[in-house]
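J.: Following this message is one structure expressed as C-alpha cells.
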Amino acid sequence: MRSINLRNRFFAKVLALIIIASTVFPGAVYSREAVRLIENGQHIGPGTYYRNMNYITSGGSFMVNMVECRFDEQYLKVEVADGGSSIVNKPVSYQAMQKSDENRRVIGAVNGDFFDMTTIKGLSYGTSIIDGEIKTAAKTSTVLGITEEDNCFIDVLNMDGVIGYKSIRIPVISVNKLRWADQAVIYTPSFGKTTLNTVAGTDIVLKDVELPLKADKVYSGVIEKVIPNTKNTEIPADGVVISLPAEAFKQFSGTVAGEKINFHVKFDKQGLKFAVSGAPRLLEDGQISAELTDRKDAMERHPRTAIGIKDNKLYMVTVDGRQPGYSDGMNLPEMTEFLLSQGVKDAINLDGGGSTTMVVRKQGDAAAKLTNNPSDGRERYVGNSIQLISEAPLSEPAILRFTDTNIKLFKGSSIKPAFYVLDKYYNFLTPDADKVIYGVDAKTAKIEKDGTYTSGSKPGISHIYAVYGNAKGSMPVEIVDKVHSLAVANEFVHLDPEEKIQMQVKAFDENGGEIIISPSAVKWTVSDGMGKVDAKGVFTAGKKEISGKIVASLGTAEAEVGAKIGRTPVIVADFGMLNNVGAKYIRSTAAVRHNQGDEPVRSGKISLRFDYNFENTVGTSAAYVSFKEPVKIIGKPIELGAWVYGDASRHWIRGTYINSAGEKKVFNFTESGGLDWKGWKFVYTELPENEKFPIALEQLYIAETEEERKNVGSIFFDDVMAIYKPEKDYYDPVIVSRLPEIGGLESKPQEIGVIAADKGYGIDPASIRMYINDAAVKVNFDPETGRISYIPDKVLPKGEYKVRITLKDKIGHQLNPEYCYTFRVE
C-alpha cells in the first residue's frame, strides 16, 4: 500500500463544507473554488440512504449516485445475485426483481464483476458465491464477501481444491471457468448445459452428486463415463464434469463406470454466504492500494462502479460517463479520491463502462428502478449484481407525501393530485382509497371524496390535505387567473366520422412554467364542417371526410392542432424533400438521392433512389434510409407500408420505429431473402394492437447475412404510408406454400401445385396460369383454400420438371415475381 498525491482534491474540499439533512430531495447547491455540487438525497430503507451528487468543475462533470447503508441493521441484508447461471447475463433491474417478493424487497443494487464478452460470453472473471453455492471460483480473487453472520469485508480470497481417485490427487484450479491445457476444472449445472472449452482435454462425468457445490465439504460422485480428447461435454443435472488435461486420460483409462471420485473446494476465509469479485483494489485500510496504478486504463475516464466499506457501513457508488456535458466519468484515482472523501476505508473497482448500473427503490416507488444513465443508452446484461434487501415487515402508515409540491392551477380548473404512503421502514404501501380523507383550506375551492380538487375563482395560495391512518400530508397550490401561452396536448386528431375525443390543453406563464388548466376553461373553435367541441372540451367529428384544425384560445393566448376526419391512409414520407433523409451503413456503403431521367416513380414525379454496396464484407451487412428526425405518425395505424422498386437481390427489407415509451421496435417488410422481385411492389408490416402509440418512423433498411448474396445494387422507395383500416387493396397476391410431393407412387399421377393467398379482394381465377416445362396445363382452383393444382392424366416419365405459375388478384395486381420451382420424377 502507498499514498498517492492526487492532482484534484475537489471532492474533499466540497464535502468538507456540507452536511445534508435526512430529508427528501432538499436540492441543496454548494459552490467553492469553481466546484459546484448539486446534491439530492432520501432514506430508502432501514439504515439506508440514497444520494445523487452532480459535481460541475472546470475539469469535468461527474454525475454520481451512491447508496450508503448500515449492514448491521436488523432488517437489512447484503446479497449477490446473477441471471440464473454463470453464463446467463441479465440486467441489474431484472436480477433485483427476481430477488423481490412480498417479504423481501430489493431497495438498491449495482452491477458486479467483470465478465467475458468474447470466448465464453457472460462468464464472470472472478469468484462468485450466492447463498453459499460456488457459482464460479478462481484461484485468487479480490472480493466483497458477506458471511453467514451478515458481516461484510473486502479482501483477497484464495481458493484451494482437490480431486481424489484411489491414490491420485489432482489440484483444482477453478470452478466453472474456461479450462486451459494443463488445468483441472470442476463444472457444475450452474455453469450451463455444456463445458464450452476451447482446448481439448479429458472429461470425467460424475452423477449422483449432492449439489449445490459449497465450500468445506467433501463430495462424492459416481463415474458415468470418461471422455478423451473433448472440448464440450454435457453437464448432468445431478452431477458435475471434472475436466482435466488431455494427458490425464492415461491415469483414468482403467476406470469402471460406477466407481466413485471424491472432490472438495475450500477458501482461506470461512463461512462465506455471498461473494462477488472486482479489480483493482482501490483502498486498503484507508490507504490507496498499490494495485491502482497497475491498470492500463487507470488514468482514463469511464463510467465506473465501486463498492466500499467503512466500519459497519457499505457504500455502493456509480458515476456515469462517456456523455459530454452531462457526465465525463472518472479515472481510478478520481474514484478513489471520492471514496476517501466519504471516509471509506476499503474499496474495490467493479465492472464499469456500459455495465455501470444502479437501481434504487426511491420513495414512492413500489420496486427498484434504474437511477443512473448508462452509457449504452439502456441497461446492459451483466453477470451478477450486489443487492441491498429490506426484510422489514409492512407496518402502519407513517409518511404521506404528495408527488408534486409546486403546482400552478388556472382558476376553476381541476386536478387529482398524486401521493404515496410509506411505513416507518420506507416500505411502499397501497392505500385503501375509501379510507383516505381529503381537505382544503380555501373557502371557494372544493375537493371530492376521490381527491379531485377544483380551484375557486380568486387567485392566491391554497392547500390540499390528505390523511391516511396516522400519515398526514399537504400540498400547496397557486391559483392564477392569467396565462401567457397555450398548447394543445393532442398531437393530431384523426377520427372516423362522428367519433369523439377528449381535447386536452396546456397553459404556461411568462417564464415557461406550466399552469394546469381544464379543457373547459378555454374557448374551442373548429374549421367549418369538421365537427364541434362541447363545454367540457369533448370534440365530436362531423359526418364527412375533411381536414382542418381545432383551435383553443384564452384571452390573447391561442393554440391549434391539425385534424383529419376519415381514416384514409396517410403518406408519412413521399421523399419530395431530402433534408430529413440520409444514408447510414454497417459493413457496407450506401447513398440516397432523388430519381433522375427515366428512373422509376410510383406516384407523382419523385421517388427515392437508394444505392448500396455489400461486396467484400464479412458479417451481416446493412444499409439504412435514416430519418434524421423520426417521422411522427398520427393516431393508431394498423399497418405501415411502402412502395419498393425491387432489384431481385434477395435481401431483407426491414425498418425501425420508436413508440411513445421510447422503445425502439424492429419490423419486417419482407422475410430474410424476401426482396425477390423486380419492379414496384407494395410491402407492409402489421402493427401490434397493444403498441404504445403514437409511433415515429426512424429508418428503413436492407440487410444481408449470406456472403453469396452480397452485391452492389439500387432500389427505389416511394410513398411510405400509415394505414388505419383495410379499405383499399394495395397488396400483391403471394404463394404461401407448395403442395407436398408424395414419393413412391409409381402407378398414380402426382398432384402438382401451390397454395396462394391475397390480402385484398382475392385472386382472379381467370388469371391463373400454370406451365410445366413451358407447356400450359389446365388447373383447378379452390377460392376457399387458395389451392391451385394440376393432376396429370398419367404418371409422368422420369426426369426433371419445371413449374411456372402466374396469376393476378381481382384488381390487377400480379404475382411478382412469377413463382417457379422444379421437381424430379425418379
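Labels for the C-alpha cells follow display order: chains A, B, ..., residues from 1 in each chain, ligands from 1.
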Applying 12 Å and only C-alpha atoms, which residues near Arg179 of chain A remain after dropping the ones on its own chain fewer than 3 positions away? List them as a ChimeraX atom specification.

T.: /A:119-120,138,172-176,182-187,195-203,230-232,241-246

J.: Any idea what's packed within 9 Å of Tyr50 of chain A, counting only C-alpha atoms, ignoring anything in its chain fewer than 4 positions away? Could you give it as number ranges by chain?

T.: A: 40-44, 65-69, 108, 360, 362

J.: Could you dump the residues just selected with C-alpha atoms as a short mmCIF file (atom, residue, chain, number, x, y, z; two decimals), in the first residue's frame?

T.:
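Wrote again.cif, looks like this:
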data_model
loop_
_atom_site.label_atom_id
_atom_site.label_comp_id
_atom_site.auth_asym_id
_atom_site.auth_seq_id
_atom_site.Cartn_x
_atom_site.Cartn_y
_atom_site.Cartn_z
CA ASN A 40 -30.28 15.39 -3.51
CA GLY A 41 -30.97 12.52 -1.16
CA GLN A 42 -33.54 10.46 0.71
CA HIS A 43 -33.96 7.48 3.00
CA ILE A 44 -34.94 4.38 1.02
CA ASN A 65 -25.13 8.04 -7.46
CA MET A 66 -24.43 6.49 -4.07
CA VAL A 67 -26.30 4.26 -1.65
CA GLU A 68 -24.97 4.12 1.90
CA CYS A 69 -26.26 1.53 4.38
CA GLY A 108 -30.75 -0.80 -4.09
CA VAL A 360 -32.88 2.22 -6.37
CA LYS A 362 -36.91 5.60 -4.23
#

J.: Which one of A:Pro694, A:Pro236, A:Gly329, A:Gly343 sits closest to Glu491 of chain A if you count only C-alpha atoms?

T.: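 Ranked by minimum distance to Glu491 of chain A, first place goes to A:Pro694.
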
J.: Residues within 8 Å of Thr142 of chain A, please, as a PyMOL selection string. Count only C-alpha atoms; anything in the same chain fewer than 3 positions from it doesn't count.

T.: chain A and resi 126+154-157+277-281+348

J.: DSSP on the backbone, then: every residue of segment 255-363 of chain A marked helix (DSSP H, G or I), written as a tab-separated table (two decimals) with N, CA and C atoms, in the first residue's frame.

T.:
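Everything below was put into result.tsv:
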chain	number	residue	atom	x	y	z
A	290	ALA	N	-1.74	-0.29	-3.92
A	290	ALA	CA	-0.70	-0.30	-4.95
A	290	ALA	C	-1.23	-0.83	-6.27
A	291	GLU	N	-2.36	-1.59	-6.24
A	291	GLU	CA	-2.94	-2.13	-7.47
A	291	GLU	C	-3.48	-1.04	-8.38
A	292	LEU	N	-3.73	0.13	-7.80
A	292	LEU	CA	-4.42	1.19	-8.53
A	292	LEU	C	-3.70	1.57	-9.82
A	293	THR	N	-2.40	1.67	-9.77
A	293	THR	CA	-1.64	2.13	-10.94
A	293	THR	C	-1.22	0.98	-11.85
A	294	ASP	N	-1.60	-0.26	-11.49
A	294	ASP	CA	-1.24	-1.39	-12.34
A	294	ASP	C	-2.16	-1.51	-13.55
A	332	LEU	N	-9.51	6.01	-12.25
A	332	LEU	CA	-9.49	5.29	-10.98
A	332	LEU	C	-8.98	6.13	-9.81
A	333	PRO	N	-7.97	6.99	-9.99
A	333	PRO	CA	-7.60	7.87	-8.88
A	333	PRO	C	-8.74	8.80	-8.46
A	334	GLU	N	-9.52	9.31	-9.41
A	334	GLU	CA	-10.64	10.19	-9.06
A	334	GLU	C	-11.71	9.43	-8.28
A	335	MET	N	-12.00	8.20	-8.70
A	335	MET	CA	-12.97	7.39	-7.96
A	335	MET	C	-12.46	7.10	-6.56
A	336	THR	N	-11.17	6.79	-6.45
A	336	THR	CA	-10.58	6.52	-5.13
A	336	THR	C	-10.66	7.75	-4.25
A	337	GLU	N	-10.38	8.91	-4.82
A	337	GLU	CA	-10.44	10.16	-4.06
A	337	GLU	C	-11.85	10.43	-3.56
A	338	PHE	N	-12.84	10.17	-4.41
A	338	PHE	CA	-14.21	10.37	-3.99
A	338	PHE	C	-14.54	9.46	-2.80
A	339	LEU	N	-14.14	8.20	-2.88
A	339	LEU	CA	-14.41	7.26	-1.79
A	339	LEU	C	-13.73	7.71	-0.50
A	340	LEU	N	-12.50	8.21	-0.62
A	340	LEU	CA	-11.80	8.73	0.56
A	340	LEU	C	-12.56	9.90	1.17
A	341	SER	N	-13.14	10.74	0.31
A	341	SER	CA	-13.87	11.91	0.81
A	341	SER	C	-15.11	11.49	1.60
A	353	GLY	N	-17.85	1.06	-17.54
A	353	GLY	CA	-18.25	1.28	-18.92
A	353	GLY	C	-19.75	1.17	-19.08
A	354	GLY	N	-20.18	0.49	-20.14
A	354	GLY	CA	-21.61	0.31	-20.38
A	354	GLY	C	-22.29	-0.56	-19.34
A	355	SER	N	-21.50	-1.27	-18.52
A	355	SER	CA	-22.09	-2.13	-17.49
A	355	SER	C	-22.52	-1.35	-16.25

J.: Quick check for you: according to DSSP on this backbone, which residues of segment 305-334 of chain A are classed as strand (DSSP E or B)? Reply as a ChimeraX atom specification.

T.: /A:305-310,313-319,323,327,330

J.: Could you give me, as a tab-separated table, every segment 139-175 of chain A residue with an atom at most 12 Å from segment 210-223 of chain A, plus its closest atom pair and distance in Å to one decimal, counting only C-alpha atoms, rows ordered by chain then number?

T.:
residue	atom	partner	partner_atom	distance
A:Asn158	CA	A:Ala215	CA	11.9
A:Met159	CA	A:Ala215	CA	9.4
A:Asp160	CA	A:Ala215	CA	9.7
A:Gly161	CA	A:Ala215	CA	9.3
A:Val162	CA	A:Val218	CA	9.5
A:Ile163	CA	A:Tyr219	CA	9.6
A:Gly164	CA	A:Ser220	CA	9.5
A:Tyr165	CA	A:Ser220	CA	10.2
A:Val175	CA	A:Leu213	CA	9.6

J.: Could you dump the residues just selected with all heavy atoms as a PDB file, in the first residue's frame?

T.:
ATOM      1  N   ASN A 158      -8.520 -16.644  -1.491  1.00  0.00           N
ATOM      2  CA  ASN A 158      -7.772 -17.711  -2.149  1.00  0.00           C
ATOM      3  C   ASN A 158      -8.566 -19.010  -2.101  1.00  0.00           C
ATOM      4  O   ASN A 158      -9.153 -19.357  -1.066  1.00  0.00           O
ATOM      5  CB  ASN A 158      -6.414 -17.911  -1.484  1.00  0.00           C
ATOM      6  CG  ASN A 158      -5.524 -16.687  -1.635  1.00  0.00           C
ATOM      7  OD1 ASN A 158      -5.243 -16.251  -2.752  1.00  0.00           O
ATOM      8  ND2 ASN A 158      -5.100 -16.128  -0.515  1.00  0.00           N
ATOM      9  N   MET A 159      -8.563 -19.719  -3.216  1.00  0.00           N
ATOM     10  CA  MET A 159      -9.301 -20.967  -3.328  1.00  0.00           C
ATOM     11  C   MET A 159      -8.344 -22.135  -3.443  1.00  0.00           C
ATOM     12  O   MET A 159      -7.286 -22.042  -4.065  1.00  0.00           O
ATOM     13  CB  MET A 159     -10.208 -20.915  -4.558  1.00  0.00           C
ATOM     14  CG  MET A 159     -11.124 -22.134  -4.748  1.00  0.00           C
ATOM     15  SD  MET A 159     -10.367 -23.503  -5.674  1.00  0.00           S
ATOM     16  CE  MET A 159     -10.200 -22.777  -7.299  1.00  0.00           C
ATOM     17  N   ASP A 160      -8.702 -23.255  -2.825  1.00  0.00           N
ATOM     18  CA  ASP A 160      -7.937 -24.483  -2.945  1.00  0.00           C
ATOM     19  C   ASP A 160      -8.924 -25.623  -3.134  1.00  0.00           C
ATOM     20  O   ASP A 160     -10.073 -25.549  -2.689  1.00  0.00           O
ATOM     21  CB  ASP A 160      -7.091 -24.714  -1.691  1.00  0.00           C
ATOM     22  CG  ASP A 160      -6.039 -25.786  -1.911  1.00  0.00           C
ATOM     23  OD1 ASP A 160      -5.840 -26.194  -3.064  1.00  0.00           O
ATOM     24  OD2 ASP A 160      -5.430 -26.226  -0.914  1.00  0.00           O
ATOM     25  N   GLY A 161      -8.522 -26.669  -3.802  1.00  0.00           N
ATOM     26  CA  GLY A 161      -9.399 -27.806  -4.005  1.00  0.00           C
ATOM     27  C   GLY A 161      -8.620 -29.010  -4.471  1.00  0.00           C
ATOM     28  O   GLY A 161      -7.521 -28.882  -5.027  1.00  0.00           O
ATOM     29  N   VAL A 162      -9.200 -30.186  -4.256  1.00  0.00           N
ATOM     30  CA  VAL A 162      -8.516 -31.433  -4.620  1.00  0.00           C
ATOM     31  C   VAL A 162      -9.541 -32.411  -5.195  1.00  0.00           C
ATOM     32  O   VAL A 162     -10.670 -32.526  -4.685  1.00  0.00           O
ATOM     33  CB  VAL A 162      -7.815 -32.068  -3.407  1.00  0.00           C
ATOM     34  CG1 VAL A 162      -7.245 -33.435  -3.767  1.00  0.00           C
ATOM     35  CG2 VAL A 162      -6.711 -31.168  -2.891  1.00  0.00           C
ATOM     36  N   ILE A 163      -9.118 -33.117  -6.263  1.00  0.00           N
ATOM     37  CA  ILE A 163      -9.877 -34.224  -6.836  1.00  0.00           C
ATOM     38  C   ILE A 163      -9.140 -35.505  -6.474  1.00  0.00           C
ATOM     39  O   ILE A 163      -7.919 -35.615  -6.699  1.00  0.00           O
ATOM     40  CB  ILE A 163      -9.984 -34.082  -8.360  1.00  0.00           C
ATOM     41  CG1 ILE A 163     -10.696 -32.775  -8.721  1.00  0.00           C
ATOM     42  CG2 ILE A 163     -10.699 -35.273  -8.980  1.00  0.00           C
ATOM     43  CD1 ILE A 163     -10.479 -32.342 -10.150  1.00  0.00           C
ATOM     44  N   GLY A 164      -9.866 -36.463  -5.876  1.00  0.00           N
ATOM     45  CA  GLY A 164      -9.220 -37.693  -5.429  1.00  0.00           C
ATOM     46  C   GLY A 164      -9.836 -38.938  -6.024  1.00  0.00           C
ATOM     47  O   GLY A 164     -11.060 -39.112  -5.989  1.00  0.00           O
ATOM     48  N   TYR A 165      -8.971 -39.806  -6.589  1.00  0.00           N
ATOM     49  CA  TYR A 165      -9.416 -41.101  -7.104  1.00  0.00           C
ATOM     50  C   TYR A 165      -8.342 -42.120  -6.774  1.00  0.00           C
ATOM     51  O   TYR A 165      -7.207 -42.029  -7.274  1.00  0.00           O
ATOM     52  CB  TYR A 165      -9.635 -41.024  -8.616  1.00  0.00           C
ATOM     53  CG  TYR A 165      -9.893 -42.365  -9.269  1.00  0.00           C
ATOM     54  CD1 TYR A 165     -11.086 -43.053  -9.037  1.00  0.00           C
ATOM     55  CD2 TYR A 165      -8.944 -42.953 -10.105  1.00  0.00           C
ATOM     56  CE1 TYR A 165     -11.316 -44.293  -9.622  1.00  0.00           C
ATOM     57  CE2 TYR A 165      -9.178 -44.177 -10.715  1.00  0.00           C
ATOM     58  CZ  TYR A 165     -10.365 -44.851 -10.460  1.00  0.00           C
ATOM     59  OH  TYR A 165     -10.587 -46.075 -11.038  1.00  0.00           O
ATOM     60  N   VAL A 175     -13.415 -23.300 -10.636  1.00  0.00           N
ATOM     61  CA  VAL A 175     -14.751 -23.884 -10.743  1.00  0.00           C
ATOM     62  C   VAL A 175     -15.528 -23.058 -11.768  1.00  0.00           C
ATOM     63  O   VAL A 175     -15.568 -21.818 -11.678  1.00  0.00           O
ATOM     64  CB  VAL A 175     -15.491 -23.865  -9.388  1.00  0.00           C
ATOM     65  CG1 VAL A 175     -16.929 -24.369  -9.557  1.00  0.00           C
ATOM     66  CG2 VAL A 175     -14.745 -24.693  -8.354  1.00  0.00           C
TER      67      VAL A 175
END

J.: Nearest to Lys636 of chain A: which of A:Gly679, A:Pro569, A:Pro417, A:Gly122 is it, counting only C-alpha atoms?

T.: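 Of A:Gly679, A:Pro569, A:Pro417, A:Gly122, the one nearest Lys636 of chain A, counting only C-alpha atoms, is A:Pro569.
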
J.: What is the distance between atom CA of Ile695 of chain A and atom CA of Thr656 of chain A, in Å to one decimal?

T.: 10.1 Å
